[in-house]
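Trainee: Next comes the structure file data34.csv, holding CSV, C-alpha atoms and all ligand atoms.
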```csv
chain,number,residue,atom,x,y,z
A,1,MET,CA,117.4,97.8,95.6
A,2,ILE,CA,118.4,96.3,92.3
A,3,SER,CA,116.6,92.9,91.8
A,4,PHE,CA,118.7,90.1,90.4
A,5,TYR,CA,116.0,87.7,91.6
A,6,PRO,CA,115.2,85.3,88.8
A,7,GLY,CA,111.5,86.3,88.9
A,8,PRO,CA,109.7,88.4,89.8
A,9,SER,CA,112.6,90.5,88.7
A,10,ARG,CA,113.7,93.9,87.5
A,11,ILE,CA,111.2,95.4,85.2
A,12,TYR,CA,112.1,97.4,82.1
A,13,PRO,CA,112.6,101.0,83.1
A,14,LYS,CA,110.1,102.2,80.5
A,15,VAL,CA,107.3,100.3,82.2
A,16,SER,CA,106.4,103.1,84.5
A,17,ARG,CA,105.8,105.4,81.5
A,18,TYR,CA,103.6,102.7,79.9
A,19,MET,CA,101.6,102.4,83.1
A,20,ALA,CA,101.0,106.1,83.3
A,21,ASP,CA,99.9,106.1,79.6
A,22,ALA,CA,97.6,103.2,80.4
A,23,CYS,CA,95.9,105.2,83.1
A,24,ARG,CA,95.7,108.3,81.0
A,25,GLU,CA,94.4,106.6,78.0
A,26,GLY,CA,91.8,104.7,80.0
A,27,VAL,CA,93.2,101.3,79.1
A,28,VAL,CA,93.0,100.2,82.8
A,29,SER,CA,89.2,100.5,82.7
A,30,ILE,CA,88.3,99.1,79.3
A,31,ASN,CA,86.0,96.1,78.8
A,32,HIS,CA,87.7,93.0,77.5
A,33,ARG,CA,85.0,92.6,74.8
A,34,SER,CA,85.6,96.1,73.6
A,35,ALA,CA,87.1,97.0,70.2
A,36,MET,CA,90.0,98.7,72.1
A,37,PHE,CA,90.9,95.4,73.8
A,38,MET,CA,90.6,93.4,70.6
A,39,ASP,CA,92.9,95.9,69.0
A,40,ILE,CA,95.5,95.6,71.8
A,41,TYR,CA,95.4,91.8,71.5
A,42,ARG,CA,95.8,91.9,67.7
A,43,GLN,CA,98.7,94.3,67.9
A,44,THR,CA,100.4,92.4,70.7
A,45,ASP,CA,100.1,89.2,68.6
A,46,ALA,CA,101.6,91.0,65.6
A,47,LEU,CA,104.5,92.4,67.6
A,48,PHE,CA,105.2,89.2,69.3
A,49,ARG,CA,105.3,87.4,66.0
A,50,GLN,CA,107.7,90.0,64.5
A,51,LYS,CA,110.0,90.5,67.5
A,52,LEU,CA,110.2,86.9,68.7
A,53,LYS,CA,110.2,85.4,65.2
A,54,LEU,CA,107.1,83.2,65.9
A,55,PRO,CA,106.4,80.9,62.9
A,56,ASP,CA,103.2,81.3,60.9
A,57,GLY,CA,100.4,79.1,62.2
A,58,TYR,CA,101.6,79.3,65.8
A,59,THR,CA,99.0,81.0,68.0
A,60,LEU,CA,99.3,83.2,71.1
A,61,TYR,CA,97.2,83.2,74.2
A,62,PHE,CA,97.1,85.2,77.4
A,63,VAL,CA,96.6,83.2,80.6
A,64,SER,CA,97.2,83.8,84.2
A,65,SER,CA,100.5,82.1,84.8
A,66,ALA,CA,103.0,79.4,83.7
A,67,THR,CA,101.6,77.2,86.4
A,68,GLU,CA,98.2,77.4,84.7
A,69,CYS,CA,99.8,76.2,81.5
A,70,TRP,CA,101.0,73.0,83.3
A,71,GLU,CA,97.3,72.3,83.9
A,72,ILE,CA,96.2,73.4,80.4
A,73,VAL,CA,98.7,70.9,78.9
A,74,ALA,CA,97.4,68.1,81.1
A,75,GLN,CA,93.7,68.9,80.6
A,76,SER,CA,93.5,70.0,77.0
A,77,LEU,CA,96.3,68.1,75.3
A,78,THR,CA,97.3,65.0,77.1
A,79,GLY,CA,94.4,62.5,76.7
A,80,SER,CA,95.9,59.8,78.8
A,81,LYS,CA,99.7,60.0,79.3
A,82,SER,CA,102.5,62.6,79.6
A,83,VAL,CA,106.1,62.0,80.2
A,84,HIS,CA,108.2,64.6,82.2
A,85,ILE,CA,111.9,64.9,81.6
A,86,PHE,CA,113.4,67.1,84.3
A,87,ASN,CA,116.5,67.8,86.5
A,88,GLY,CA,115.2,70.4,88.9
A,89,ALA,CA,112.4,71.8,91.0
A,90,PHE,CA,110.2,73.4,88.3
A,91,GLY,CA,110.2,70.4,86.0
A,92,GLN,CA,109.4,68.3,89.0
A,93,LYS,CA,106.5,70.5,90.1
A,94,TRP,CA,105.1,70.3,86.6
A,95,HIS,CA,105.2,66.5,86.9
A,96,ARG,CA,103.4,66.6,90.2
A,97,TYR,CA,100.6,68.9,89.0
A,98,ALA,CA,100.1,66.8,85.9
A,99,ALA,CA,100.1,63.6,87.9
A,100,ARG,CA,96.9,64.8,89.7
A,101,LEU,CA,95.1,65.0,86.4
A,102,VAL,CA,96.5,62.4,84.1
A,103,GLN,CA,99.0,59.5,84.0
A,104,ALA,CA,102.3,61.3,84.2
A,105,LEU,CA,105.6,59.5,84.1
A,106,PRO,CA,108.7,61.1,85.6
A,107,ALA,CA,112.1,60.8,83.9
A,108,GLU,CA,114.8,62.5,85.9
A,109,PHE,CA,118.3,63.3,84.5
A,110,ASP,CA,121.5,64.6,86.0
A,111,LEU,CA,121.9,68.4,86.1
A,112,GLN,CA,125.5,68.1,84.9
A,113,GLN,CA,124.4,66.4,81.7
A,114,ALA,CA,122.0,67.0,78.9
A,115,PRO,CA,119.1,64.4,78.8
A,116,VAL,CA,119.5,61.7,76.3
A,117,PRO,CA,116.4,61.8,74.0
A,118,VAL,CA,114.7,58.5,73.3
A,119,THR,CA,111.4,57.5,71.7
A,120,TYR,CA,108.6,57.6,74.3
A,121,ALA,CA,106.1,55.0,72.9
A,122,GLY,CA,102.6,55.5,74.3
A,123,ALA,CA,103.1,59.1,75.5
A,124,ASP,CA,100.7,61.8,74.3
A,125,VAL,CA,102.9,64.7,75.3
A,126,ILE,CA,106.6,65.0,76.2
A,127,CYS,CA,107.1,67.8,78.8
A,128,LEU,CA,110.4,69.6,78.9
A,129,THR,CA,111.7,72.5,80.9
A,130,GLN,CA,113.9,74.5,78.5
A,131,ASN,CA,115.3,76.7,81.3
A,132,GLU,CA,115.4,75.1,84.8
A,133,THR,CA,115.2,78.3,86.9
A,134,SER,CA,116.0,76.3,90.1
A,135,ASN,CA,119.5,75.2,89.1
A,136,GLY,CA,120.6,77.3,86.1
A,137,THR,CA,120.5,74.6,83.4
A,138,GLN,CA,119.0,74.7,79.9
A,139,LEU,CA,118.1,72.4,77.0
A,140,THR,CA,119.9,73.5,73.8
A,141,PRO,CA,118.1,73.7,70.4
A,142,GLY,CA,120.1,70.6,69.4
A,143,VAL,CA,118.7,68.5,72.2
A,144,LEU,CA,115.2,69.8,71.6
A,145,LYS,CA,115.5,68.8,68.0
A,146,LYS,CA,116.5,65.3,68.9
A,147,PHE,CA,113.4,64.8,71.0
A,148,ARG,CA,111.4,66.0,68.0
A,149,THR,CA,113.1,63.7,65.5
A,150,LEU,CA,112.8,60.7,67.7
A,151,ASN,CA,109.1,61.4,68.5
A,152,PRO,CA,107.6,62.8,65.3
A,153,ALA,CA,104.0,62.0,66.2
A,154,THR,CA,104.1,63.1,69.9
A,155,LEU,CA,103.3,66.6,71.1
A,156,ILE,CA,106.2,68.4,72.8
A,157,ALA,CA,105.4,71.0,75.4
A,158,VAL,CA,108.1,73.2,76.7
A,159,ASP,CA,108.3,75.4,79.9
A,160,ALA,CA,110.3,78.4,78.8
A,161,THR,CA,109.2,80.6,81.7
A,162,SER,CA,112.7,82.0,82.5
A,163,SER,CA,114.0,82.2,78.9
A,164,MET,CA,111.3,83.3,76.6
A,165,GLY,CA,111.9,87.0,75.7
A,166,GLY,CA,115.6,86.6,76.5
A,167,ILE,CA,116.8,83.9,74.1
A,168,ASP,CA,115.8,83.0,70.6
A,169,LEU,CA,113.7,79.8,71.0
A,170,PRO,CA,113.6,77.1,68.3
A,171,TRP,CA,109.8,77.3,68.1
A,172,GLN,CA,109.5,74.6,65.4
A,173,GLN,CA,111.0,72.0,67.7
A,174,ALA,CA,107.9,72.0,69.9
A,175,ASP,CA,104.1,72.4,69.9
A,176,VAL,CA,103.5,74.2,73.1
A,177,TRP,CA,105.6,76.9,74.7
A,178,PHE,CA,104.8,78.9,77.7
A,179,ALA,CA,106.2,81.5,80.0
A,180,SER,CA,105.2,84.2,82.5
A,181,VAL,CA,105.9,87.9,82.1
A,182,GLN,CA,107.8,88.5,85.3
A,183,LYS,CA,111.0,86.9,84.1
A,184,CYS,CA,112.7,87.7,80.8
A,185,PHE,CA,109.9,90.0,79.6
A,186,GLY,CA,110.7,92.4,82.4
A,187,LEU,CA,107.1,93.1,83.3
A,188,PRO,CA,105.2,93.1,86.7
A,189,ALA,CA,104.1,89.6,87.7
A,190,GLY,CA,100.7,88.3,86.9
A,191,MET,CA,100.3,87.0,83.4
A,192,GLY,CA,101.2,83.9,81.5
A,193,ILE,CA,101.9,83.6,77.8
A,194,LEU,CA,101.0,80.4,75.9
A,195,VAL,CA,102.0,79.6,72.3
A,196,CYS,CA,100.6,76.6,70.4
A,197,SER,CA,101.4,75.0,67.1
A,198,PRO,CA,98.8,73.9,64.6
A,199,ALA,CA,99.4,70.3,65.7
A,200,ALA,CA,98.7,71.2,69.3
A,201,LEU,CA,95.3,72.8,68.3
A,202,HIS,CA,94.5,69.7,66.2
A,203,ARG,CA,95.2,67.5,69.3
A,204,ALA,CA,93.0,69.7,71.4
A,205,GLU,CA,90.2,69.0,69.0
A,206,THR,CA,90.8,65.2,69.2
A,207,VAL,CA,91.0,65.3,73.0
A,208,GLY,CA,87.8,67.5,73.0
A,209,ASN,CA,88.1,68.7,76.5
A,210,THR,CA,85.7,71.5,77.2
A,211,ASN,CA,85.3,71.0,80.9
A,212,HIS,CA,87.3,74.0,82.0
A,213,TYR,CA,87.1,77.7,81.6
A,214,ASN,CA,90.7,77.6,80.3
A,215,SER,CA,90.2,74.6,77.9
A,216,LEU,CA,92.4,75.3,74.9
A,217,LEU,CA,89.4,74.9,72.6
A,218,TYR,CA,87.8,77.9,74.3
A,219,LEU,CA,91.0,79.9,74.4
A,220,GLU,CA,91.3,79.4,70.6
A,221,GLU,CA,87.6,80.1,69.9
A,222,MET,CA,87.9,83.4,71.7
A,223,ARG,CA,91.3,84.2,70.2
A,224,GLN,CA,89.8,84.1,66.7
A,225,LYS,CA,87.8,87.2,67.9
A,226,TRP,CA,90.9,88.6,69.6
A,227,GLN,CA,89.2,88.0,72.9
A,228,THR,CA,89.8,85.8,75.9
A,229,SER,CA,87.6,83.3,77.7
A,230,TYR,CA,87.7,85.2,81.0
A,231,THR,CA,88.5,88.8,82.0
A,232,PRO,CA,92.2,89.0,81.3
A,233,ASN,CA,95.0,91.1,82.8
A,234,VAL,CA,94.3,93.9,80.3
A,235,LEU,CA,97.0,96.2,81.8
A,236,THR,CA,99.7,93.6,81.4
A,237,VAL,CA,98.6,92.8,77.8
A,238,TYR,CA,98.9,96.5,77.1
A,239,LEU,CA,102.4,96.7,78.8
A,240,LEU,CA,103.5,93.7,76.8
A,241,MET,CA,102.4,95.4,73.6
A,242,ARG,CA,104.2,98.7,74.4
A,243,SER,CA,107.3,96.9,75.6
A,244,LEU,CA,107.5,94.7,72.4
A,245,ALA,CA,107.0,97.8,70.2
A,246,ASP,CA,110.1,99.4,71.8
A,247,SER,CA,112.1,96.2,72.1
A,248,LYS,CA,114.9,95.0,69.9
A,249,THR,CA,114.5,91.7,67.9
A,250,ILE,CA,115.1,88.5,69.9
A,251,GLU,CA,118.3,87.9,68.0
A,252,GLN,CA,119.7,91.2,69.2
A,253,ILE,CA,118.5,90.6,72.7
A,254,GLN,CA,120.0,87.2,72.7
A,255,VAL,CA,123.4,88.5,71.7
A,256,ALA,CA,123.4,90.9,74.7
A,257,VAL,CA,122.2,88.2,77.1
A,258,LYS,CA,124.9,85.7,75.9
A,259,ASN,CA,127.7,88.3,76.2
A,260,ARG,CA,126.7,89.2,79.7
A,261,PHE,CA,126.4,85.5,80.5
A,262,LYS,CA,130.0,84.9,79.2
A,263,LYS,CA,131.3,87.7,81.4
A,264,TRP,CA,129.7,86.1,84.5
A,265,ALA,CA,131.0,82.6,83.5
A,266,VAL,CA,134.5,83.9,83.1
A,267,PHE,CA,134.3,85.6,86.4
A,268,PHE,CA,133.1,82.6,88.4
A,269,ASP,CA,135.2,80.0,86.3
A,270,THR,CA,138.5,81.9,86.4
A,271,LYS,CA,138.6,84.7,88.9
A,272,SER,CA,136.8,83.1,91.9
A,273,THR,CA,137.8,80.1,93.9
A,274,GLN,CA,135.1,80.3,96.7
A,275,LEU,CA,132.2,80.9,94.4
A,276,ASN,CA,131.6,78.8,91.3
A,277,LEU,CA,128.8,78.0,88.9
A,278,LEU,CA,126.8,75.0,90.2
A,279,VAL,CA,126.8,73.6,86.7
A,280,GLN,CA,130.2,72.6,85.5
A,281,ASN,CA,129.2,71.3,82.1
A,282,LYS,CA,129.4,74.4,79.9
A,283,THR,CA,127.0,72.9,77.3
A,284,VAL,CA,124.0,72.8,79.7
A,285,ARG,CA,124.4,76.1,81.4
A,286,SER,CA,121.5,78.5,81.3
A,287,PHE,CA,122.2,81.9,79.7
A,288,THR,CA,119.5,83.7,81.7
A,289,VAL,CA,119.7,82.2,85.3
A,290,LEU,CA,123.0,81.5,87.1
A,291,ALA,CA,123.2,79.3,90.1
A,292,ILE,CA,126.3,80.0,92.1
A,293,LYS,CA,127.7,77.4,94.6
A,294,GLY,CA,129.8,78.0,97.7
A,295,GLN,CA,130.2,76.9,101.3
A,296,PRO,CA,127.0,77.6,103.1
A,297,ASP,CA,128.6,80.2,105.4
A,298,VAL,CA,130.0,82.1,102.4
A,299,VAL,CA,126.7,81.9,100.6
A,300,THR,CA,124.9,83.3,103.7
A,301,LYS,CA,127.4,86.1,103.9
A,302,VAL,CA,127.2,87.0,100.2
A,303,LYS,CA,123.4,87.2,100.5
A,304,SER,CA,123.3,89.4,103.6
A,305,GLU,CA,126.1,91.7,102.4
A,306,ALA,CA,124.4,92.0,99.0
A,307,SER,CA,121.2,93.1,100.6
A,308,LYS,CA,123.1,95.8,102.6
A,309,ALA,CA,124.8,96.9,99.4
A,310,GLY,CA,121.4,97.2,97.6
A,311,PHE,CA,121.3,94.0,95.6
A,312,LEU,CA,118.6,91.4,95.8
A,313,LEU,CA,119.9,88.0,94.9
A,314,GLY,CA,117.9,84.8,94.3
A,315,GLU,CA,117.7,82.3,97.1
A,316,GLY,CA,119.0,78.8,96.5
A,317,TYR,CA,116.2,76.6,95.5
A,318,GLY,CA,115.0,73.2,96.8
A,319,ILE,CA,118.0,70.9,97.6
A,320,TRP,CA,120.4,73.8,96.7
A,321,LYS,CA,118.9,76.1,99.3
A,322,GLU,CA,121.9,76.3,101.7
A,323,ASN,CA,124.9,76.2,99.3
A,324,THR,CA,123.7,78.2,96.3
A,325,PHE,CA,122.3,81.6,95.4
A,326,ARG,CA,121.0,82.7,92.0
A,327,ILE,CA,121.6,85.6,89.7
A,328,ALA,CA,119.1,86.6,87.0
A,329,ASN,CA,120.7,87.5,83.7
A,330,PHE,CA,117.5,88.9,82.3
A,331,PRO,CA,117.5,91.5,79.5
A,332,ALA,CA,115.9,94.3,81.6
A,333,LEU,CA,119.0,94.6,83.8
A,334,LYS,CA,121.2,97.5,82.9
A,335,ARG,CA,124.8,97.0,82.0
A,336,SER,CA,125.8,99.4,84.8
A,337,GLU,CA,123.8,97.4,87.3
A,338,ILE,CA,125.6,94.1,86.3
A,339,ALA,CA,128.9,95.9,86.5
A,340,LYS,CA,128.1,97.0,90.1
A,341,LEU,CA,127.1,93.6,91.2
A,342,MET,CA,130.3,92.1,89.7
A,343,ASP,CA,132.4,94.7,91.5
A,344,PHE,CA,130.6,93.7,94.7
A,345,MET,CA,131.3,90.0,94.1
A,346,TYR,CA,135.0,90.6,94.0
A,347,ARG,CA,134.9,90.8,97.8
A,348,PHE,CA,134.1,87.1,98.0
A,349,ILE,CA,136.2,85.4,95.4
B,1,LIG,C1,108.7,80.9,87.5
B,1,LIG,C2,108.6,79.6,86.9
B,1,LIG,C3,107.3,79.0,86.8
B,1,LIG,C4,106.1,79.5,87.6
B,1,LIG,O1,105.7,80.7,87.0
B,1,LIG,P1,104.3,81.3,87.6
B,1,LIG,O2,104.1,82.6,86.8
B,1,LIG,O3,104.5,81.5,89.0
B,1,LIG,O4,103.2,80.3,87.3
B,1,LIG,C5,107.2,77.8,86.1
B,1,LIG,N1,108.3,77.2,85.5
B,1,LIG,C6,109.5,77.8,85.5
B,1,LIG,C7,110.6,77.2,84.8
B,1,LIG,C8,109.7,79.0,86.2
B,1,LIG,O5,110.9,79.6,86.2
```
Take the structure in the file and give it back as structure tokens.
Mentor:
Amino acid sequence: MISFYPGPSRIYPKVSRYMADACREGVVSINHRSAMFMDIYRQTDALFRQKLKLPDGYTLYFVSSATECWEIVAQSLTGSKSVHIFNGAFGQKWHRYAARLVQALPAEFDLQQAPVPVTYAGADVICLTQNETSNGTQLTPGVLKKFRTLNPATLIAVDATSSMGGIDLPWQQADVWFASVQKCFGLPAGMGILVCSPAALHRAETVGNTNHYNSLLYLEEMRQKWQTSYTPNVLTVYLLMRSLADSKTIEQIQVAVKNRFKKWAVFFDTKSTQLNLLVQNKTVRSFTVLAIKGQPDVVTKVKSEASKAGFLLGEGYGIWKENTFRIANFPALKRSEIAKLMDFMYRFI
């Protein structure tokens, strides 16, 4: 079965070798206070910086999930009020989680249009979902930049769970970025990656929240020793290190992802009448997750036939459950696998 599910998804083929190495080298049993773990953290940090072009001063943390990052932003960085700009299920969930902890204002926008950035007076943090996995939309660097320009003193936190590692993110346009490894990083599920700017750390000091094991202040205190505030997923940190060492730069990965996306877009825009991209506006389409819309009976048939043919497709999400399915366009998928799925899709156009 080839997984085109937009997370957990296909892992990079080399991961099985890294896992075998981890067992042989004893990485799977090491203590997270040991010199060996500290060295793995330090090396992963250096490789991440190099391959993903992280700016100097931005810091990297390992946490358990993207969901945990929603809470870290609320607890460690918000102080009193966050505003949540979203058009789909993940952005909405983030808002709901935050609303249990702080004052969180929702600002929904239409999925066929980019949000219109304004100045959010009184907000401590602006929360954006760069890639909305539920409906296949994304925020462009241009839109992110406008939020930044109009809100120079406000922290900006970005959920990039299904794009980090697949596209070249404009790090400077936000203060907090996070993802989990089971999407574009092509690794087994079970770890989150959190990136913070110097301004985010400064804010964490002002807020001064130390009530939680995952308070950003603790994460940073431990990071300075290349450690974590709790026993981390050591194996996955190691897999990330190995995978980054072998990976191309993010610019190169992005070129491949965009080219593959274009082929899919041409296919659904020009070759197919029954199946079309849910998002018509080309400027807001995600490069890494495609949501395909059709009549519910066609969608049901595509999914069941796909599973017989050895493809796992993503289910429609939330309000799009019945009339959409999703296709991951993550870098770990092989070109030959995508070609096979496209061949298969010809049966339904
Ligand atoms: C998958 C996903 C999440 C949740 O990730 P977890 O690792 O399950 O916490 C959050 N936001 C977006 C946009 C996602 O795609």
Trainee: Counting all atoms listed in the file, what are the residues of region 90-168 of chain A within 10 Å of region 47-53 of chain A, and for each of them which pair of atoms is the nearest and at what distance in Å, to one decimal? Sort the table by chain and rising number, as CSV.
Mentor:
```
residue,atom,partner,partner_atom,distance
A:Met164,CA,A:Leu52,CA,8.8
A:Gly165,CA,A:Leu52,CA,7.2
A:Gly166,CA,A:Leu52,CA,9.5
A:Ile167,CA,A:Leu52,CA,9.0
A:Asp168,CA,A:Leu52,CA,7.1
```
Trainee: Write a file of the just-selected residues containing C-alpha atoms, as a compact mmCIF listing (two decimals), keeping the file's coordinate frame.
Mentor:
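Output saved as part-v9.txt:
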```
# COMPACT_ATOMS: atom_id res chain seq x y z
CA MET A 164 111.30 83.30 76.60
CA GLY A 165 111.90 87.00 75.70
CA GLY A 166 115.60 86.60 76.50
CA ILE A 167 116.80 83.90 74.10
CA ASP A 168 115.80 83.00 70.60
```
Trainee: Could you tell me how far CA of Gly190 (chain A) sits from CA of Glu71 (chain A), in Å to one decimal place?
Mentor: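 Pair CA of Glu71 (chain A) / CA of Gly190 (chain A) returns 16.6 Å.
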Trainee: Could you check how far CA of Trp94 (chain A) sits from atom C6 of ligand LIG 1 (chain B), in Å to one decimal?
Mentor: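 Rounded to one decimal, the two atoms are 8.8 Å apart.
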Trainee: Dump as CSV the rows for residues of chain A within 9 Å of ligand LIG 1 (chain B): closest atom pair and distance in Å with one decimal, only C-alpha atoms and all ligand atoms counted, ordered by chain and rising residue number.
Mentor:
```
residue,atom,partner,partner_atom,distance
A:Pro6,CA,B:LIG1,O5,7.6
A:Gly7,CA,B:LIG1,C1,6.2
A:Pro8,CA,B:LIG1,C1,7.9
A:Ser64,CA,B:LIG1,O2,7.5
A:Ser65,CA,B:LIG1,O4,4.1
A:Ala66,CA,B:LIG1,O4,3.7
A:Thr67,CA,B:LIG1,O4,3.6
A:Glu68,CA,B:LIG1,O4,6.3
A:Cys69,CA,B:LIG1,O4,7.9
A:Trp70,CA,B:LIG1,C5,8.3
A:Ala89,CA,B:LIG1,C7,8.4
A:Phe90,CA,B:LIG1,N1,5.1
A:Gly91,CA,B:LIG1,C7,6.9
A:Lys93,CA,B:LIG1,N1,8.3
A:Trp94,CA,B:LIG1,N1,7.7
A:Thr129,CA,B:LIG1,C7,6.2
A:Gln130,CA,B:LIG1,C7,7.6
A:Asn131,CA,B:LIG1,C7,5.9
A:Glu132,CA,B:LIG1,C7,5.2
A:Thr133,CA,B:LIG1,O5,4.5
A:Ser134,CA,B:LIG1,O5,7.2
A:Asp159,CA,B:LIG1,C7,5.7
A:Ala160,CA,B:LIG1,C7,6.1
A:Thr161,CA,B:LIG1,C6,4.7
A:Ser162,CA,B:LIG1,O5,4.8
A:Ser163,CA,B:LIG1,O5,8.3
A:Phe178,CA,B:LIG1,N1,8.7
A:Ala179,CA,B:LIG1,O1,7.1
A:Ser180,CA,B:LIG1,O2,4.7
A:Val181,CA,B:LIG1,O2,7.3
A:Gln182,CA,B:LIG1,O2,7.1
A:Lys183,CA,B:LIG1,C1,7.3
A:Ala189,CA,B:LIG1,O2,7.1
A:Gly190,CA,B:LIG1,O2,6.6
A:Met191,CA,B:LIG1,O2,6.7
A:Gly192,CA,B:LIG1,O2,6.2
```
Trainee: Give me, as a ChimeraX atom specification, all polymer residues having an atom no more than 8 Å from Ala104 (chain A), counting only C-alpha atoms and skipping those fewer than 2 positions away in the same chain.
Mentor: /A:81-84,95,98-99,102,106
Trainee: For the atom pair CA of Phe4 (chain A) and CA of Arg326 (chain A), what is the interatomic distance in Å to one decimal place?
Mentor: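 Going from CA of Phe4 (chain A) over to CA of Arg326 (chain A) covers 7.9 Å.
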Trainee: Let me make sure I understand: among A:Asn87, A:Ser272, A:Phe330, A:Leu128, which one has the smallest atom-to-atom distance to Gln112 (chain A) if we use all atoms listed in the file?
Mentor: A:Asn87
Trainee: For Leu111 (chain A), which of A:Leu77, A:Ala46, A:Val279, A:Ile292 is the closest residue, counting only C-alpha atoms?
Mentor: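 Ranked by minimum distance to Leu111 (chain A), first place goes to A:Val279.
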Trainee: Using all atoms listed in the file for the distances, tell me which of A:Phe86, A:Tyr58, A:Tyr5, A:Trp226 is nearest to Ala35 (chain A).
Mentor: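 Under the stated criterion, the closest residue is A:Trp226.
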Trainee: A:Gln224, A:Ser76, A:Thr44, A:Gln113: which is nearest His202 (chain A), counting all atoms listed in the file?
Mentor: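 With all atoms listed in the file as the atom set, the closest residue is A:Ser76.
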Trainee: Give as an mmCIF file with C-alpha atoms, in the coordinates of the input each residue that has an atom at most 8 Å from (136.6, 87.0, 93.0) in the file, counting only C-alpha atoms.
Mentor:
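Output saved as result36.cif:
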```
data_model
loop_
_atom_site.group_PDB
_atom_site.id
_atom_site.type_symbol
_atom_site.label_atom_id
_atom_site.label_comp_id
_atom_site.auth_asym_id
_atom_site.auth_seq_id
_atom_site.Cartn_x
_atom_site.Cartn_y
_atom_site.Cartn_z
ATOM 1 C CA PHE A 267 134.300 85.600 86.400
ATOM 2 C CA PHE A 268 133.100 82.600 88.400
ATOM 3 C CA LYS A 271 138.600 84.700 88.900
ATOM 4 C CA SER A 272 136.800 83.100 91.900
ATOM 5 C CA THR A 273 137.800 80.100 93.900
ATOM 6 C CA GLN A 274 135.100 80.300 96.700
ATOM 7 C CA LEU A 275 132.200 80.900 94.400
ATOM 8 C CA MET A 345 131.300 90.000 94.100
ATOM 9 C CA TYR A 346 135.000 90.600 94.000
ATOM 10 C CA ARG A 347 134.900 90.800 97.800
ATOM 11 C CA PHE A 348 134.100 87.100 98.000
ATOM 12 C CA ILE A 349 136.200 85.400 95.400
#
```
Trainee: Given only C-alpha atoms as the basis, pick out the residue of A:Val28, A:Leu217, A:Leu244, A:Leu312 nearest to Lys14 (chain A).
Mentor: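 Closest residue, counting only C-alpha atoms: A:Leu244.
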Trainee: Can you tell me, as a ChimeraX atom specification, what residues are no more than 10 Å from Gly318 (chain A) when counting only C-alpha atoms, ignoring any on the same chain fewer than 2 positions away?
Mentor: /A:88-90,134-135,315-316,320-322
Trainee: Kindly export the residues of the current selection with C-alpha atoms, as a PDB file, in the coordinates of the input.
Mentor:
```
ATOM      1  CA  GLY A  88     115.200  70.400  88.900  1.00  0.00           C
ATOM      2  CA  ALA A  89     112.400  71.800  91.000  1.00  0.00           C
ATOM      3  CA  PHE A  90     110.200  73.400  88.300  1.00  0.00           C
ATOM      4  CA  SER A 134     116.000  76.300  90.100  1.00  0.00           C
ATOM      5  CA  ASN A 135     119.500  75.200  89.100  1.00  0.00           C
ATOM      6  CA  GLU A 315     117.700  82.300  97.100  1.00  0.00           C
ATOM      7  CA  GLY A 316     119.000  78.800  96.500  1.00  0.00           C
ATOM      8  CA  TRP A 320     120.400  73.800  96.700  1.00  0.00           C
ATOM      9  CA  LYS A 321     118.900  76.100  99.300  1.00  0.00           C
ATOM     10  CA  GLU A 322     121.900  76.300 101.700  1.00  0.00           C
TER      11      GLU A 322
END
```
Trainee: For Thr59 (chain A), which of A:Arg96, A:Arg42, A:Arg148, A:Arg10 is the closest residue, counting only C-alpha atoms?
Mentor: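 Ranked by minimum distance to Thr59 (chain A), first place goes to A:Arg42.
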